[in-house]
Structures are given as structure tokens and as C-alpha cells.
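Peer 1: Compact mmCIF, C-alpha atoms, saved as final_13.txt, coming up:
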# COMPACT_ATOMS: atom_id res chain seq x y z
CA MET A 4 0.00 0.00 0.00
CA CYS A 5 1.18 3.50 -0.87
CA GLU A 6 2.52 5.30 2.19
CA THR A 7 1.54 8.74 0.89
CA CYS A 8 -2.16 8.39 0.20
CA GLY A 9 -3.07 4.93 1.40
CA CYS A 10 -3.94 3.62 -2.03
CA ASN A 11 -2.72 0.45 -3.70
CA HIS A 12 -1.05 2.29 -6.55
CA ASN A 13 2.25 1.38 -8.04
CA GLU A 14 4.08 4.17 -9.77
CA MET A 15 6.16 3.27 -12.79
CA LEU A 16 8.77 5.67 -14.14
CA VAL A 17 8.39 6.43 -17.87
CA ALA A 18 10.29 9.73 -18.45
CA GLU A 19 9.54 9.92 -22.16
CA ASN A 20 9.26 13.11 -24.17
CA VAL A 21 5.79 13.28 -25.73
CA LEU A 22 7.35 14.57 -28.96
CA GLU A 23 9.97 11.81 -28.99
CA ASN A 24 8.45 10.12 -32.08
CA ASN A 25 8.45 13.36 -34.04
CA ASN A 26 11.96 14.24 -32.87
CA ARG A 27 13.29 10.82 -33.85
CA VAL A 28 11.93 11.12 -37.41
CA ALA A 29 13.17 14.74 -37.56
CA ALA A 30 16.67 13.48 -36.68
CA GLU A 31 16.38 10.90 -39.50
CA ASN A 32 15.36 13.67 -41.91
CA LYS A 33 18.28 15.81 -40.80
CA LYS A 34 20.68 12.93 -41.36
CA ILE A 35 19.43 12.40 -44.94
CA LEU A 36 19.54 16.15 -45.67
CA ASP A 37 23.01 16.58 -44.16
CA SER A 38 24.44 13.61 -46.05
CA LYS A 39 23.26 15.09 -49.35
CA GLN A 40 24.08 18.67 -48.30
CA ILE A 41 20.52 19.80 -48.96
CA LEU A 42 20.01 23.12 -47.17
CA THR A 43 16.49 22.92 -45.73
CA ILE A 44 14.39 25.86 -44.65
CA ASN A 45 11.19 25.57 -42.61
CA MET A 46 9.20 28.67 -43.57
CA MET A 47 6.57 29.65 -41.04
CA GLY A 48 4.30 32.63 -40.40
CA SER A 49 0.72 33.88 -40.29
CA PRO A 50 -1.62 33.30 -43.21
CA GLY A 51 -1.13 36.32 -45.49
CA SER A 52 2.33 37.28 -44.21
CA GLY A 53 3.69 36.78 -47.74
CA LYS A 54 5.45 33.44 -47.38
CA THR A 55 4.58 32.16 -50.84
CA THR A 56 5.54 35.40 -52.61
CA PHE A 57 8.79 35.42 -50.64
CA ILE A 58 9.51 31.81 -51.64
CA ILE A 59 8.80 32.57 -55.32
CA LYS A 60 11.16 35.60 -55.27
CA THR A 61 13.85 33.49 -53.58
CA ILE A 62 13.44 30.77 -56.22
CA GLU A 63 13.59 33.26 -59.08
CA ALA A 64 16.82 34.74 -57.72
CA LEU A 65 18.57 31.43 -57.04
CA LYS A 66 17.28 28.88 -59.54
CA SER A 67 20.15 29.50 -61.96
CA GLU A 68 22.65 28.70 -59.15
CA THR A 69 21.10 25.64 -57.51
CA ASP A 70 18.39 23.00 -57.79
CA ILE A 71 15.41 23.99 -55.64
CA TYR A 72 12.57 21.85 -54.28
CA VAL A 73 9.49 22.93 -52.35
CA ILE A 74 7.24 21.06 -49.92
CA GLU A 75 4.05 23.06 -49.66
CA GLY A 76 1.83 22.64 -46.60
CA ASP A 77 -1.74 23.91 -46.62
CA GLN A 78 -4.93 22.75 -44.99
CA PHE A 79 -6.72 22.47 -48.32
CA GLY A 80 -6.17 22.97 -52.04
CA SER A 81 -3.15 23.48 -54.25
CA LEU A 82 -3.27 27.24 -54.93
CA ASP A 83 0.22 27.88 -53.53
CA SER A 84 1.87 24.87 -55.13
CA ASP A 85 0.29 25.88 -58.47
CA ARG A 86 1.85 29.34 -58.10
CA ILE A 87 5.24 27.94 -57.14
CA SER A 88 5.31 25.30 -59.90
CA LYS A 89 5.13 28.11 -62.48
CA THR A 90 8.75 28.95 -61.55
CA GLY A 91 9.72 25.56 -62.96
CA VAL A 92 10.89 23.94 -59.70
CA ASN A 93 9.58 20.64 -58.30
CA VAL A 94 6.81 21.17 -55.74
CA LEU A 95 4.97 18.66 -53.60
CA GLN A 96 1.69 19.70 -52.00
CA ILE A 97 0.73 18.30 -48.60
CA ASN A 98 -2.84 18.91 -47.45
CA THR A 99 -3.10 18.61 -43.69
CA GLY A 100 -6.94 18.73 -43.62
CA ASN A 101 -7.77 19.63 -40.05
CA GLY A 102 -4.11 19.53 -39.03
CA CYS A 103 -2.61 22.88 -38.08
CA HIS A 104 1.06 22.13 -38.78
CA LEU A 105 3.46 19.86 -40.67
CA ASP A 106 5.22 17.15 -38.71
CA ALA A 107 8.46 15.27 -39.29
CA MET A 108 6.71 12.15 -40.64
CA ALA A 109 4.84 14.12 -43.34
CA VAL A 110 8.13 15.74 -44.37
CA ASN A 111 9.89 12.35 -44.35
CA HIS A 112 7.32 10.97 -46.84
CA ALA A 113 7.57 14.14 -48.93
CA ILE A 114 11.39 13.95 -49.11
CA LYS A 115 11.15 10.34 -50.30
CA LYS A 116 8.69 11.34 -53.03
CA LEU A 117 10.44 14.55 -54.13
CA LYS A 118 13.95 13.04 -54.08
CA PRO A 119 15.84 16.35 -53.84
CA SER A 120 19.24 16.21 -55.53
CA LYS A 121 22.59 16.54 -53.80
CA ASN A 122 23.65 20.06 -52.85
CA SER A 123 20.18 21.52 -53.55
CA LEU A 124 17.91 23.85 -51.60
CA LEU A 125 14.71 22.50 -50.02
CA ILE A 126 12.09 24.98 -48.90
CA ILE A 127 9.23 23.75 -46.71
CA GLU A 128 6.31 26.15 -46.52
CA ASN A 129 4.54 25.27 -43.29
CA VAL A 130 0.81 25.74 -42.72
CA GLY A 131 0.03 29.45 -42.19
CA ASN A 132 -0.17 29.55 -38.41
CA LEU A 133 1.87 31.47 -35.86
CA VAL A 134 1.31 28.98 -33.02
CA CYS A 135 1.48 25.21 -33.62
CA PRO A 136 4.31 24.81 -36.20
CA ALA A 137 6.77 26.21 -33.62
CA LEU A 138 6.46 23.00 -31.62
CA PHE A 139 7.37 20.51 -34.34
CA ASN A 140 10.92 19.96 -35.45
CA LEU A 141 11.03 18.76 -39.08
CA GLY A 142 14.79 18.15 -39.35
CA GLU A 143 15.36 21.52 -41.00
CA HIS A 144 18.58 23.56 -40.87
CA GLN A 145 16.89 26.93 -40.57
CA ARG A 146 13.58 28.01 -39.08
CA VAL A 147 12.43 31.17 -40.80
CA VAL A 148 9.44 33.15 -39.57
CA VAL A 149 7.94 35.61 -42.05
CA PHE A 150 6.33 38.53 -40.25
CA SER A 151 4.73 41.31 -42.24
CA VAL A 152 4.54 44.93 -41.07
CA THR A 153 0.74 44.89 -41.43
CA GLU A 154 0.60 42.42 -38.53
CA GLY A 155 1.88 45.07 -36.09
CA ASP A 156 5.18 45.68 -34.30
CA ASP A 157 3.89 43.87 -31.18
CA LYS A 158 3.54 40.49 -32.94
CA PRO A 159 6.78 38.99 -31.53
CA ILE A 160 5.55 39.55 -27.97
CA LYS A 161 2.06 38.19 -28.65
CA TYR A 162 3.24 35.06 -30.45
CA ALA A 163 6.51 34.65 -28.59
CA PRO A 164 7.09 30.86 -28.93
CA MET A 165 7.28 31.09 -32.72
CA PHE A 166 9.83 33.93 -32.63
CA HIS A 167 11.73 32.25 -29.81
CA GLU A 168 12.15 29.00 -31.77
CA ALA A 169 13.08 30.66 -35.09
CA SER A 170 16.64 31.12 -36.35
CA HIS A 171 15.77 33.79 -38.93
CA CYS A 172 13.03 36.42 -39.18
CA ILE A 173 11.89 38.17 -42.33
CA ILE A 174 10.17 41.50 -41.74
CA ASN A 175 8.15 41.60 -44.95
CA LYS A 176 6.09 44.24 -46.78
CA THR A 177 8.42 47.05 -45.67
CA ASP A 178 7.10 49.09 -48.65
CA LEU A 179 3.89 49.59 -46.63
CA MET A 180 5.65 51.02 -43.55
CA ASP A 181 4.98 54.64 -44.60
CA PHE A 182 1.23 54.04 -44.61
CA ILE A 183 0.64 52.21 -41.34
CA PRO A 184 1.53 52.77 -37.66
CA PHE A 185 4.37 50.22 -37.56
CA ASP A 186 7.41 51.29 -35.52
CA TYR A 187 10.43 49.49 -36.90
CA ASN A 188 12.66 50.04 -33.84
CA THR A 189 9.93 48.75 -31.52
CA ALA A 190 9.58 45.64 -33.67
CA ILE A 191 13.35 44.99 -33.60
CA ASN A 192 13.47 45.58 -29.85
CA ASN A 193 10.57 43.15 -29.33
CA LEU A 194 12.31 40.52 -31.46
CA ARG A 195 15.55 40.90 -29.45
CA LYS A 196 13.68 40.56 -26.14
CA ILE A 197 12.24 37.22 -27.28
CA ASN A 198 15.27 35.83 -29.13
CA HIS A 199 18.67 37.50 -29.00
CA ASN A 200 20.14 35.06 -31.57
CA LEU A 201 17.58 35.80 -34.30
CA GLN A 202 18.94 36.92 -37.68
CA VAL A 203 16.61 39.58 -39.01
CA PHE A 204 16.12 40.63 -42.66
CA SER A 205 13.82 43.51 -43.65
CA LEU A 206 12.54 43.48 -47.21
CA SER A 207 9.63 43.67 -49.58
CA ALA A 208 9.22 40.32 -51.32
CA LEU A 209 6.51 41.65 -53.65
CA HIS A 210 8.80 44.35 -55.06
CA GLY A 211 11.96 42.28 -54.62
CA THR A 212 13.64 45.06 -52.62
CA ASN A 213 16.44 44.37 -50.09
CA MET A 214 16.46 40.64 -50.87
CA ASP A 215 20.28 40.57 -51.28
CA LEU A 216 21.28 40.03 -47.65
CA TRP A 217 18.80 37.15 -47.37
CA LEU A 218 19.99 35.53 -50.60
CA ASP A 219 23.63 35.87 -49.47
CA SER A 220 22.78 34.23 -46.15
CA LEU A 221 21.27 31.27 -48.05
CA ARG A 222 24.40 30.99 -50.20
CA LYS A 223 26.53 31.01 -47.04
CA GLY A 224 24.26 28.39 -45.45
CA LYS A 225 24.79 26.13 -48.46
CA GLN A 226 28.57 26.64 -48.38
CA TYR A 227 28.62 25.84 -44.67
CA LEU A 228 26.79 22.53 -45.25
CA PHE A 229 29.14 21.68 -48.11
CA HIS A 230 32.27 22.30 -46.00
CA LYS A 231 30.80 20.60 -42.94
CA ALA A 232 30.23 17.43 -44.97
CA LYS A 233 33.91 17.40 -45.95
CA LEU A 234 35.17 17.57 -42.36
CA MET B 14 -5.23 23.17 -31.28
CA HIS B 15 -2.32 20.72 -31.36
CA GLU B 16 -3.30 19.40 -27.91
CA LEU B 17 -5.34 16.55 -29.43
CA GLY B 18 -2.24 15.18 -31.15
CA ILE B 19 -0.27 15.56 -27.91
CA ALA B 20 -3.03 13.76 -25.96
CA MET B 21 -2.99 10.91 -28.48
CA ARG B 22 0.78 10.60 -28.08
CA ILE B 23 0.41 10.49 -24.28
CA ALA B 24 -2.16 7.69 -24.67
CA ASP B 25 0.16 5.82 -27.11
CA ILE B 26 3.18 6.07 -24.81
CA THR B 27 1.10 4.91 -21.84
CA SER B 28 -0.41 1.94 -23.70
CA LYS B 29 3.02 0.91 -24.96
CA VAL B 30 4.58 1.02 -21.45
CA ALA B 31 1.55 -0.70 -19.88
CA LYS B 32 1.73 -3.52 -22.43
CA ARG B 33 5.48 -3.91 -21.99
CA GLU B 34 5.22 -4.01 -18.19
CA GLY B 35 2.11 -6.20 -18.12
CA VAL B 36 -0.06 -3.55 -16.41
CA ARG B 37 -3.74 -4.36 -16.82
CA LYS B 38 -5.21 -1.15 -15.47
CA VAL B 39 -3.54 2.26 -15.65
CA THR B 40 -5.23 4.50 -13.09
CA GLY B 41 -3.23 7.66 -13.59
CA ILE B 42 -0.63 9.29 -15.82
CA ASN B 43 1.72 11.95 -14.47
CA VAL B 44 2.86 14.41 -17.11
CA ASP B 45 5.29 17.30 -16.75
CA ILE B 46 4.29 20.27 -18.86
CA GLY B 47 6.56 23.30 -18.96
CA GLU B 48 4.94 26.69 -18.61
CA LEU B 49 6.42 27.60 -22.02
CA ALA B 50 5.77 24.28 -23.78
CA GLY B 51 2.93 25.79 -25.80
CA ILE B 52 0.27 23.59 -24.21
CA VAL B 53 -3.01 24.77 -22.69
CA PRO B 54 -3.58 22.39 -19.72
CA ASP B 55 -7.41 22.58 -19.88
CA LEU B 56 -7.35 21.80 -23.59
CA LEU B 57 -4.97 18.91 -22.99
CA GLU B 58 -7.29 17.41 -20.36
CA PHE B 59 -10.27 17.81 -22.67
CA SER B 60 -8.34 16.32 -25.59
CA PHE B 61 -7.18 13.40 -23.45
CA LYS B 62 -10.81 12.56 -22.64
CA MET B 63 -11.66 12.69 -26.35
CA ALA B 64 -8.63 10.63 -27.34
CA THR B 65 -9.26 7.86 -24.79
CA LYS B 66 -13.03 7.55 -25.12
CA ASN B 67 -14.04 3.88 -25.49
CA THR B 68 -10.47 2.72 -24.87
CA SER B 69 -8.83 1.00 -21.89
CA LEU B 70 -7.61 4.45 -20.72
CA GLU B 71 -11.10 5.96 -20.60
CA LYS B 72 -11.11 6.19 -16.80
CA THR B 73 -7.41 6.99 -16.40
CA ARG B 74 -6.65 10.30 -14.67
CA LEU B 75 -4.26 12.70 -16.35
CA ASN B 76 -2.26 14.53 -13.67
CA ILE B 77 -0.63 17.61 -15.15
CA ASN B 78 2.36 18.97 -13.27
CA ILE B 79 3.23 22.48 -14.51
CA ILE B 80 6.97 23.22 -14.52
CA PRO B 81 7.63 26.94 -13.99
CA ALA B 82 9.97 28.67 -16.43
CA THR B 83 13.52 29.63 -15.44
CA ALA B 84 15.96 31.75 -17.42
CA MET B 85 19.64 32.48 -16.97
CA CYS B 86 21.52 35.63 -17.92
CA LEU B 87 24.51 34.88 -20.14
CA SER B 88 26.44 37.87 -18.71
CA CYS B 89 25.94 37.73 -14.95
CA GLU B 90 24.52 34.17 -14.71
CA LYS B 91 21.57 35.39 -12.63
CA GLN B 92 18.76 32.83 -12.64
CA PHE B 93 15.28 34.34 -12.73
CA ALA B 94 11.65 33.67 -13.61
CA PRO B 95 11.10 35.17 -17.07
CA ASP B 96 7.89 36.93 -18.06
CA GLY B 97 6.81 34.25 -20.52
CA PHE B 98 9.38 34.30 -23.33
CA LEU B 99 10.46 37.83 -22.37
CA THR B 100 13.91 37.16 -21.03
CA VAL B 101 15.30 40.44 -19.76
CA CYS B 102 17.83 40.04 -16.94
CA PRO B 103 16.53 41.78 -13.78
CA VAL B 104 20.11 42.58 -12.72
CA CYS B 105 21.94 43.82 -15.81
CA GLY B 106 19.01 44.43 -18.14
CA THR B 107 20.41 42.45 -21.08
CA PHE B 108 18.22 40.43 -23.45
CA GLU B 109 20.97 37.85 -23.80
CA CYS B 110 19.47 35.18 -21.59
CA ASN B 111 18.62 31.55 -22.18
CA ILE B 112 15.52 29.73 -21.02
CA THR B 113 16.76 26.81 -18.94
CA LYS B 114 13.48 25.31 -17.73
CA GLY B 115 9.82 25.45 -18.71
CA LYS B 116 9.68 23.73 -22.10
CA GLU B 117 9.20 20.19 -20.74
CA LEU B 118 6.64 17.91 -22.34
CA ASN B 119 7.16 14.52 -20.73
CA VAL B 120 5.21 11.50 -19.57
CA GLN B 121 6.95 11.11 -16.21
CA SER B 122 5.25 8.06 -14.78
CA ILE B 123 2.13 5.93 -14.85
CA MET B 124 0.13 4.65 -11.90
CA SER B 125 -1.36 1.20 -11.75
CA GLY B 126 -3.45 -0.65 -9.21
CA ASP B 127 -6.59 0.16 -7.30
CA GLU B 128 -8.28 3.51 -6.93
CA PRO B 129 -7.18 5.54 -3.86
CA ILE B 130 -9.14 4.89 -0.67
CA GLU B 131 -11.29 7.98 -0.08
Can you dump the structure from the file as C-alpha cells?
Peer 2:
Amino acid sequence: MCETCGCNHNEMLVAENVLENNNRVAAENKKILDSKQILTINMMGSPGSGKTTFIIKTIEALKSETDIYVIEGDQFGSLDSDRISKTGVNVLQINTGNGCHLDAMAVNHAIKKLKPSKNSLLIIENVGNLVCPALFNLGEHQRVVVFSVTEGDDKPIKYAPMFHEASHCIINKTDLMDFIPFDYNTAINNLRKINHNLQVFSLSALHGTNMDLWLDSLRKGKQYLFHKAKL
Amino acid sequence: MHELGIAMRIADITSKVAKREGVRKVTGINVDIGELAGIVPDLLEFSFKMATKNTSLEKTRLNINIIPATAMCLSCEKQFAPDGFLTVCPVCGTFECNITKGKELNVQSIMSGDEPIE
């Protein structure tokens, strides 16, 4: 009999992370992607933050330099993958139905279907959602959150987990800053409070302005993977 | 609303351990949930009921133990309770702090045997 509460319970230690299954498959994904030096970006952000336009502009700028593949996550339909496939790159659409995020298993299946080539760039556009995708590791090298100025400079504080877990942040639609009450310094300060390691890029994907620093960082990311594999 | 998926995983882990250890009746599951793990405890409890309806875990209690968040300043090494993900050191005011506790999401233990004597 239990000495604490007088019951006949036996307590059995488990100590297992609830996300262990996802993390294990994510580690498998990472191993495959590392071995083929495929730089993989998990692109997250609110619906309407401009993720798809940003991906298309990135593809247009880099497709002459590298093979690019896209895994497109949406609840329903293929509108975004249709847009992206017009750039000529290979796209695979995943419909999550009622699911609010992509998980490592869905990405594992997608990688096996897409078969990205060695030394390529793989962009995963997560389901538009500033909450749930933050929790699920996919095996990516970079976690990029796209945050548009129309969402407000307080967004990083209100949706802190997403910004905390990201490695890069794109402040998008900067061309609209003159027309709305968005304080750039406040936004940067809020991002720093939540994540002091975050690399921030401010640009307008629609007009293709100030994309250079972002594109250079992708090139450097690819070089890093290439050299790391040789070590 | 990712809590349903999390609840299903908790049920899976429990069933797997119970089967392995030959436990016929699991009366309770103790889970550690960090304050910053991105889980709403009420939603998790509700989801667990949904996920275990008409299964052997239908009457199993889910005991949620909330782990408070702790952060540490990288400059002065002060440990403090952050304001959510806002990690500003109360001593030197820097943002350069790491969260050291509060993101846990673990099934710690399972209880088997009879119901407690009221």
C-alpha cells in the first residue's frame, strides 16, 4: 500500500518526451539532408504574411545557381503549389486537412517522393499559423518566420514561442511602412527581447527590394553545409 | 489546437509502457508540462478525454504537473523567472538570456493498481 495516500497504486517511471516520435523522425530527416548537403528551410508565419511570394522571389533569384525543391503545406487545395510550380521547380503539396502544422513524418514521406538532388535547396512552406508549427521539429537547418509589417510591431511579444524557436526572421512588406503605424525600432526591440540570436532581414518580397542580404545568407548556409560534410 | 495530437501521443506512450510491463489497469498518468511548452492544460485534459473515449484508458486520470519557467543571464549568470518568453535580466538588463526550464513535455510516470481509498 502507498505510504503517501493509502492507495494500492504502483508508480512506474516512464520519463519519455511526448514529442519523442516526431523528434526521432526529424533526426532521421536531418541525417538524410546533411548527407546530401541539402540546405532545408522551414518557412513559417501567419496566413497572409507573404510566405509564398517570398519563396517565389527566392526561387527566381537562385534557380540559376542551384536545384530547388518545395514542400508546400496547406490545410486544403493546391493554390500555392500551383503558383510555385510556375517557376519551374519541383513542388509537392501536402494537405493537412484539419491539421494545423506539418510534422516530421509528413516531411519524411515528402522527401522520399520529391527526391531532392545533392547540394540543392529544399524549402518547406509550413501551414500558415503562428502557433502550432513552432512546436514541431522537421529536421530543417533553418527556421524562418515571415512577419509582415501589417501584422503590427507587437507580434513577436504576442506570439513569442514562434519567434523564440526561429533562427531567422523576415520583416516583410516594408514598402507599406509609410502608410501604417508600424514602428520598426519597436519591432526589432521586441524581437531581441524574445530571441537574441535571431537573424533579421527587412525586405519587400513583392517588389523584390532588399532581398540581397537574405539571398547571401542562403548561399553562405549552403557553403557551410558543403564544407561541414567534408570535415 | 495541437493538444489533441499531444493527448494521443500520451495515450500511445502509456499503452506501450503498460503492455510492456504487463499492467492491466492504468489508473493515472503523471505528465510534466513546462509553462512555455505551448500547451493549454485545460485543452490537454479535454483532448485526453476525447482521445481515450471507449479505450482502456477511458477512466485513467491525467495529472498535469506544470513546470515553472527559469531563465539564466549569459552575462551575470543570474537565474530568474522570465515573463513568458520575455527574457530580460533583472540585474543587468540584457536580453541575452537563455531559457533553462519550462519547455518540458514529458510522460513522467504511470500509476497502476486500485483507486485511492477515499
Peer 1: Any chance you could tabulate, as JSON lines, the residues of chain A at most 9 Å from chain B with each one's nearest atom pair and distance in Å to one decimal, using only C-alpha atoms, in chain and rising number order?
Peer 2:
{"residue": "A:Cys8", "atom": "CA", "partner": "B:Pro129", "partner_atom": "CA", "distance": 7.1}
{"residue": "A:Gly9", "atom": "CA", "partner": "B:Ile130", "partner_atom": "CA", "distance": 6.4}
{"residue": "A:Cys10", "atom": "CA", "partner": "B:Pro129", "partner_atom": "CA", "distance": 4.2}
{"residue": "A:Asn11", "atom": "CA", "partner": "B:Asp127", "partner_atom": "CA", "distance": 5.3}
{"residue": "A:His12", "atom": "CA", "partner": "B:Gly126", "partner_atom": "CA", "distance": 4.6}
{"residue": "A:Asn13", "atom": "CA", "partner": "B:Ser125", "partner_atom": "CA", "distance": 5.2}
{"residue": "A:Glu14", "atom": "CA", "partner": "B:Met124", "partner_atom": "CA", "distance": 4.5}
{"residue": "A:Met15", "atom": "CA", "partner": "B:Ile123", "partner_atom": "CA", "distance": 5.2}
{"residue": "A:Leu16", "atom": "CA", "partner": "B:Ser122", "partner_atom": "CA", "distance": 4.3}
{"residue": "A:Val17", "atom": "CA", "partner": "B:Ser122", "partner_atom": "CA", "distance": 4.7}
{"residue": "A:Ala18", "atom": "CA", "partner": "B:Gln121", "partner_atom": "CA", "distance": 4.3}
{"residue": "A:Glu19", "atom": "CA", "partner": "B:Val120", "partner_atom": "CA", "distance": 5.3}
{"residue": "A:Asn20", "atom": "CA", "partner": "B:Asn119", "partner_atom": "CA", "distance": 4.3}
{"residue": "A:Val21", "atom": "CA", "partner": "B:Asn119", "partner_atom": "CA", "distance": 5.3}
{"residue": "A:Leu22", "atom": "CA", "partner": "B:Leu118", "partner_atom": "CA", "distance": 7.4}
{"residue": "A:Asn24", "atom": "CA", "partner": "B:Arg22", "partner_atom": "CA", "distance": 8.7}
{"residue": "A:Gly102", "atom": "CA", "partner": "B:His15", "partner_atom": "CA", "distance": 8.0}
{"residue": "A:Cys103", "atom": "CA", "partner": "B:His15", "partner_atom": "CA", "distance": 7.1}
{"residue": "A:His104", "atom": "CA", "partner": "B:His15", "partner_atom": "CA", "distance": 8.3}
{"residue": "A:Val134", "atom": "CA", "partner": "B:Gly51", "partner_atom": "CA", "distance": 8.1}
{"residue": "A:Cys135", "atom": "CA", "partner": "B:His15", "partner_atom": "CA", "distance": 6.3}
{"residue": "A:Ala137", "atom": "CA", "partner": "B:Gly51", "partner_atom": "CA", "distance": 8.7}
{"residue": "A:Leu138", "atom": "CA", "partner": "B:Gly51", "partner_atom": "CA", "distance": 7.4}
{"residue": "A:Ile160", "atom": "CA", "partner": "B:Leu99", "partner_atom": "CA", "distance": 7.6}
{"residue": "A:Ala163", "atom": "CA", "partner": "B:Phe98", "partner_atom": "CA", "distance": 6.0}
{"residue": "A:Pro164", "atom": "CA", "partner": "B:Phe98", "partner_atom": "CA", "distance": 7.0}
{"residue": "A:His167", "atom": "CA", "partner": "B:Phe98", "partner_atom": "CA", "distance": 7.2}
{"residue": "A:Asn193", "atom": "CA", "partner": "B:Leu99", "partner_atom": "CA", "distance": 8.8}
{"residue": "A:Arg195", "atom": "CA", "partner": "B:Phe108", "partner_atom": "CA", "distance": 6.6}
{"residue": "A:Lys196", "atom": "CA", "partner": "B:Phe108", "partner_atom": "CA", "distance": 5.3}
{"residue": "A:Ile197", "atom": "CA", "partner": "B:Leu99", "partner_atom": "CA", "distance": 5.3}
{"residue": "A:Asn198", "atom": "CA", "partner": "B:Phe108", "partner_atom": "CA", "distance": 7.9}
{"residue": "A:His199", "atom": "CA", "partner": "B:Glu109", "partner_atom": "CA", "distance": 5.7}
{"residue": "A:Asn200", "atom": "CA", "partner": "B:Glu109", "partner_atom": "CA", "distance": 8.3}
Peer 1: Neighbours of Phe229 in chain A within 9 Å (all atoms listed in the file; same-chain residues fewer than 4 positions away dropped), as a list in words?
Peer 2: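 Surrounding residues, per the criterion: Asp37, Lys39, Gln40, Ile41, Asn122, Gly224, Lys225 and Lys233 of chain A.
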Peer 1: Taking into account only C-alpha atoms, which residue in the set A:Lys121, A:Lys34, A:Lys66, A:Arg27 is nearest to Arg222 in chain A?
Peer 2: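 Answer, going by the shortest atom-to-atom distance: A:Lys66.
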Peer 1: So what do you get for CA of Val148 in chain A versus CA of Thr83 in chain B, distance-wise?
Peer 2: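 Separation between CA of Val148 in chain A and CA of Thr83 in chain B: 24.7 Å.
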Peer 1: How big is the axis-aligned box around all listed atoms of range 16-20 of chain B once 3 Å goes on each side, and where's its centre, in Å to one decimal, as AutoDock Vina command-line options?
Peer 2:
--center_x -2.8 --center_y 16.6 --center_z -28.6 --size_x 11.1 --size_y 11.6 --size_z 11.2
Peer 1: What is the distance between CA of Ser69 in chain B and CA of Val28 in chain A, in Å to one decimal?
Peer 2: 27.8 Å
Peer 1: May I ask for the distance between CA of Thr55 in chain A and CA of Asp83 in chain A, given in Å to one decimal place?
Peer 2: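 We find that CA of Thr55 in chain A and CA of Asp83 in chain A lie 6.7 Å from each other.
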Peer 1: Scan for residues within 9 Å of the point (16.6, 24.0, -37.0) in the coordinates of the file, using only C-alpha atoms, and reply as an MDAnalysis selection string.
Peer 2: chainID A and resid 43:45 140:146 168:170
Peer 1: Just want the 8 Å neighbourhood of Ala94 in chain B, counted on only C-alpha atoms, with same-chain residues fewer than 5 positions away dropped. Output as a ChimeraX atom specification.
Peer 2: /B:81-84
Peer 1: Would you list the contacts of Leu209 in chain A as a CSV table (one decimal) with C-alpha atoms, keeping the file's coordinate frame, taking every protein, DNA or RNA residue within 12 Å and counting only C-alpha atoms, but skipping same-chain residues closer than 3 positions in sequence?
Peer 2:
chain,number,residue,atom,x,y,z
A,52,SER,CA,2.3,37.3,-44.2
A,53,GLY,CA,3.7,36.8,-47.7
A,54,LYS,CA,5.4,33.4,-47.4
A,55,THR,CA,4.6,32.2,-50.8
A,56,THR,CA,5.5,35.4,-52.6
A,57,PHE,CA,8.8,35.4,-50.6
A,58,ILE,CA,9.5,31.8,-51.6
A,59,ILE,CA,8.8,32.6,-55.3
A,60,LYS,CA,11.2,35.6,-55.3
A,61,THR,CA,13.8,33.5,-53.6
A,151,SER,CA,4.7,41.3,-42.2
A,175,ASN,CA,8.2,41.6,-45.0
A,176,LYS,CA,6.1,44.2,-46.8
A,177,THR,CA,8.4,47.0,-45.7
A,178,ASP,CA,7.1,49.1,-48.6
A,179,LEU,CA,3.9,49.6,-46.6
A,206,LEU,CA,12.5,43.5,-47.2
A,212,THR,CA,13.6,45.1,-52.6
A,213,ASN,CA,16.4,44.4,-50.1
A,214,MET,CA,16.5,40.6,-50.9
Peer 1: Excluding range 76-81 of chain A and any residue of its chain fewer than 2 positions from it, enumerate the residues within 6 Å of it, using all atoms listed in the file, and give them as a list of chain:residue names.
Peer 2: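 Non-adjacent residues within range: A:Asp83, A:Ser84, A:Asp85, A:Ile97, A:Asn98, A:Thr99, A:Gly100, A:Glu128, A:Asn129, A:Val130.
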Peer 1: From the list B:Asp55, B:Cys89, B:Lys62, B:Lys114, which residue is nearest Ile77 in chain B when using all atoms listed in the file?
Peer 2: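 Among the listed residues, B:Asp55 lies closest to Ile77 in chain B.
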